[in-house]
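Have a look at the structure below, then the notes.
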Amino acid sequence: MAIVSPGFRGRPRPAADLPPGQYPTEDFPVLSAGPTPRVTHDRWEFTITTETGAKHHWSWREVMALPAETVTVDLHCVTRWSKFGTTWQGVSLDTLLADVDTAADYAVAHSYGGYTTNLPLEDLLDGQAWLAYRYDGDDLTPEHGGPARLLVPHLYLWKSAKWVRGLRLGLEDEPGFWETLGYHDYGDPWREQRYQGD
Ligand SMILES: Nc1nc2c(c(=O)[nH]1)N[C@H]1C(S)=C(S)[C@@H](COP(=O)(O)O)O[C@H]1N2
Ligand SMILES: [Mo]
């Protein structure tokens with residue numbers, strides 16, 4: 001099996017960088033379960049709701065005022081494409097969660113348009129997740145989740161909710177859209193956790 005596509009620009013990547021069952025692609029496919037919601041910056045808001053019902057809101061302007069990080073990460077989609085070396089700009093979830101008082105172990109990301117996906121809260125901390133609003137030096141396009149999406153590159157890409165509008169924190173795990181339809185609860189590409197039971 002070819003591990004590096006012939007036209008791949010830049011440094012060839014070792015096979016060890018590709019999770020099992022994946023192939024590398026240069027394209028950036030668009031995978032959306034429904035229509036692309038159009039959210040203007042002035043109506044956009046990000047909300048974290050804790051298990052007690054306490055809400056923390058950020059307007060677009062407030063998010064823009066938070067420290068931005070630039071990260072280069074590999075993406076792994078459960079449909080088997082991986083994209084190496086993608087560069088994003090956004091706010092670390094550590095920054096957004098810093099002043100949130102919670103005893104929750106779980107989070108459900110929810111999006112404009114109604115998409116949801118669940119993750120353990122600890123997978124959103126310690127430099128593992130971002131609220132990303134720029135991709136490859138440009139504003140994130142609507143098809144790829146603009147104005148802003150979750151970016152959680154160590155899990156399959158369905159966990160990276162596009163058009164994200166907030167997180168609900170809870171004491172119990174609650175499956176999201178794809179998880180309810182049979183996809184794995186956690187979705188670690190390195191353990192090939194594609195479907196329930198994997
Ligand atoms: N809101 C929302 N987020 C979503 C999805 C979706 O349908 N709606 N699809 C997920 C899936 S299955 C994948 S693989 C990635 C695709 O991101 P891309 O379209 O930027 O490649 O977004 C994820 N986030
Ligand atoms: Mo996906």
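Residue names in the structure tokens use chain letters A, B, ... in the order shown, residue numbers from 1 in each chain, and ligand numbers from 1 in the order shown.
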
Open item on the list: Give me, as a PyMOL selection string, the set of residues whose atoms come within 9 Å of any atom of ligand 1, counting only C-alpha atoms and all ligand atoms.
Closed with: chain A and resi 28-37+75-79+81+110-117+141+143-145+149-150+156-164+177-178

Open item on the list: Among range 13-185 of chain A, which residues does DSSP mark as strand (DSSP E) when it is run on the backbone? Keep the chain and numbering as in the structure and answer as a PyMOL selection string.
Closed with: chain A and resi 23-24+45-49+55-59+69-76+81-92+106-111+116-120+130-135+138-139+149-151+164-170

- [ ] For range 167-172 of chain A, list every protein, DNA or RNA residue within 6 Å, evaluated using only C-alpha atoms, and leave out those in the same chain fewer than 2 positions away; present the list as a ChimeraX atom specification.
- [x] /A:48-51,104-109

For the residues in the current selection, export all heavy atoms as a short mmCIF file (atom, residue, chain, number, x, y, z; two decimals), in the first residue's frame.
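Saved the output as out_5.cif:
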data_model
loop_
_atom_site.label_atom_id
_atom_site.label_comp_id
_atom_site.auth_asym_id
_atom_site.auth_seq_id
_atom_site.Cartn_x
_atom_site.Cartn_y
_atom_site.Cartn_z
N ILE A 48 -20.75 27.98 26.99
CA ILE A 48 -20.47 26.77 27.77
C ILE A 48 -21.48 26.72 28.92
O ILE A 48 -21.59 27.67 29.69
CB ILE A 48 -19.03 26.75 28.30
CG1 ILE A 48 -18.04 26.73 27.13
CG2 ILE A 48 -18.82 25.53 29.22
CD1 ILE A 48 -16.57 26.73 27.55
N THR A 49 -22.24 25.61 28.98
CA THR A 49 -23.23 25.41 30.03
C THR A 49 -22.75 24.29 30.93
O THR A 49 -22.44 23.19 30.44
CB THR A 49 -24.59 25.04 29.41
OG1 THR A 49 -24.92 26.00 28.40
CG2 THR A 49 -25.69 25.02 30.46
N THR A 50 -22.67 24.53 32.21
CA THR A 50 -22.18 23.50 33.13
C THR A 50 -23.33 22.62 33.60
O THR A 50 -24.50 22.88 33.31
CB THR A 50 -21.49 24.12 34.37
OG1 THR A 50 -22.50 24.66 35.21
CG2 THR A 50 -20.49 25.19 33.98
N GLU A 51 -22.98 21.59 34.36
CA GLU A 51 -23.97 20.64 34.89
C GLU A 51 -24.94 21.30 35.87
O GLU A 51 -26.01 20.77 36.12
CB GLU A 51 -23.27 19.43 35.53
CG GLU A 51 -22.54 19.69 36.85
CD GLU A 51 -21.18 20.35 36.71
OE1 GLU A 51 -20.81 20.75 35.59
OE2 GLU A 51 -20.48 20.46 37.75
N ALA A 104 -17.91 18.23 35.94
CA ALA A 104 -18.32 17.33 34.85
C ALA A 104 -17.16 16.50 34.33
O ALA A 104 -16.01 16.94 34.35
CB ALA A 104 -18.92 18.16 33.71
N ASP A 105 -17.48 15.32 33.85
CA ASP A 105 -16.50 14.47 33.17
C ASP A 105 -16.72 14.44 31.66
O ASP A 105 -15.89 13.94 30.92
CB ASP A 105 -16.60 13.03 33.69
CG ASP A 105 -16.04 12.90 35.10
OD1 ASP A 105 -15.05 13.59 35.42
OD2 ASP A 105 -16.59 12.10 35.89
N TYR A 106 -17.86 14.93 31.20
CA TYR A 106 -18.23 14.79 29.79
C TYR A 106 -18.66 16.12 29.21
O TYR A 106 -19.13 17.01 29.93
CB TYR A 106 -19.37 13.78 29.63
CG TYR A 106 -19.01 12.42 30.15
CD1 TYR A 106 -19.41 12.00 31.42
CD2 TYR A 106 -18.21 11.57 29.38
CE1 TYR A 106 -19.05 10.76 31.91
CE2 TYR A 106 -17.85 10.32 29.87
CZ TYR A 106 -18.27 9.91 31.13
OH TYR A 106 -17.89 8.69 31.61
N ALA A 107 -18.54 16.21 27.89
CA ALA A 107 -19.01 17.38 27.16
C ALA A 107 -19.75 16.93 25.92
O ALA A 107 -19.40 15.91 25.31
CB ALA A 107 -17.83 18.27 26.77
N VAL A 108 -20.79 17.65 25.57
CA VAL A 108 -21.43 17.51 24.26
C VAL A 108 -21.24 18.83 23.54
O VAL A 108 -21.65 19.89 24.04
CB VAL A 108 -22.94 17.18 24.38
CG1 VAL A 108 -23.58 17.13 22.99
CG2 VAL A 108 -23.15 15.86 25.11
N ALA A 109 -20.58 18.76 22.38
CA ALA A 109 -20.47 19.95 21.54
C ALA A 109 -21.74 20.04 20.72
O ALA A 109 -22.21 19.03 20.19
CB ALA A 109 -19.25 19.82 20.62
#

TODO: Can you work out the spacing between CA of Ser82 in chain A and CA of Arg165 in chain A in Å, to one decimal?
DONE: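 CA of Arg165 in chain A lies 25.6 Å from CA of Ser82 in chain A.
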
Could you give me, as a PDB file with N, CA, C and O atoms, in the first residue's frame, the residues within 8 Å of His184 in chain A, counting only C-alpha atoms and dropping anything in the same chain fewer than 4 positions from it?
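Generated file (selection_38.pdb):
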ATOM      1  N   GLU A 179     -22.765   9.214  17.077  1.00  0.00           N
ATOM      2  CA  GLU A 179     -22.639   8.178  18.111  1.00  0.00           C
ATOM      3  C   GLU A 179     -23.975   7.453  18.287  1.00  0.00           C
ATOM      4  O   GLU A 179     -24.004   6.237  18.473  1.00  0.00           O
ATOM      5  N   GLN A 193     -11.196   3.030  16.399  1.00  0.00           N
ATOM      6  CA  GLN A 193     -12.520   2.999  17.047  1.00  0.00           C
ATOM      7  C   GLN A 193     -13.533   3.707  16.159  1.00  0.00           C
ATOM      8  O   GLN A 193     -13.929   4.839  16.409  1.00  0.00           O
ATOM      9  N   ARG A 194     -13.923   2.998  15.069  1.00  0.00           N
ATOM     10  CA  ARG A 194     -14.854   3.602  14.105  1.00  0.00           C
ATOM     11  C   ARG A 194     -16.299   3.449  14.571  1.00  0.00           C
ATOM     12  O   ARG A 194     -17.063   4.400  14.579  1.00  0.00           O
ATOM     13  N   TYR A 195     -16.668   2.199  14.922  1.00  0.00           N
ATOM     14  CA  TYR A 195     -18.065   1.917  15.247  1.00  0.00           C
ATOM     15  C   TYR A 195     -18.157   1.354  16.667  1.00  0.00           C
ATOM     16  O   TYR A 195     -17.176   0.876  17.222  1.00  0.00           O
ATOM     17  N   GLN A 196     -19.368   1.383  17.193  1.00  0.00           N
ATOM     18  CA  GLN A 196     -19.605   0.782  18.516  1.00  0.00           C
ATOM     19  C   GLN A 196     -19.084  -0.646  18.516  1.00  0.00           C
ATOM     20  O   GLN A 196     -19.347  -1.393  17.583  1.00  0.00           O
ATOM     21  N   GLY A 197     -18.362  -1.013  19.544  1.00  0.00           N
ATOM     22  CA  GLY A 197     -17.824  -2.365  19.647  1.00  0.00           C
ATOM     23  C   GLY A 197     -16.406  -2.494  19.140  1.00  0.00           C
ATOM     24  O   GLY A 197     -15.750  -3.497  19.395  1.00  0.00           O
ATOM     25  N   ASP A 198     -15.909  -1.504  18.369  1.00  0.00           N
ATOM     26  CA  ASP A 198     -14.519  -1.569  17.884  1.00  0.00           C
ATOM     27  C   ASP A 198     -13.540  -1.422  19.041  1.00  0.00           C
ATOM     28  O   ASP A 198     -13.824  -0.712  19.996  1.00  0.00           O
TER      29      ASP A 198
END

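With only C-alpha atoms as the atoms that count, the residue of A:Val63, A:Val73, A:Leu140, A:Leu18 with the shortest distance to Ser92 in chain A is A:Val63.
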
TODO: In Å, rounded to a single decimal, give me how far CA of Asp123 in chain A is from CA of Pro153 in chain A.
DONE: 10.2 Å

Open item on the list: Counting only C-alpha atoms and all ligand atoms, which residue out of A:Trp130, A:Lys55, A:Arg80, A:Val152 sits closest to ligand 2?
Closed with: A:Arg80

TODO: Take CA of Asp99 in chain A and CA of Ala148 in chain A and report the distance between them in Å, one decimal.
DONE: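 One can read the CA of Asp99 in chain A to CA of Ala148 in chain A distance as 20.8 Å.
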
TODO: Between A:Leu155, A:Ser59, A:Asp126, A:Leu131, single out the one closest to ligand 2, counting only C-alpha atoms and all ligand atoms.
DONE: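 Using only C-alpha atoms and all ligand atoms, ligand 2 sits closest to A:Leu155.
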
- [ ] Check the smallest atom-to-atom distance from each of A:Leu97, A:Gly176, A:Trp88, A:Gly166 to Glu122 in chain A using only C-alpha atoms, then report the winner.
- [x]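 Once distances to Glu122 in chain A are computed over only C-alpha atoms, the minimum belongs to A:Leu97.
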
- [ ] as JSON, numbers by chain, list the residues of range 140-193 of chain A assigned to alpha helix (DSSP H) by DSSP on the backbone atoms of this structure.
- [x] {"A": [177, 178, 179, 180]}
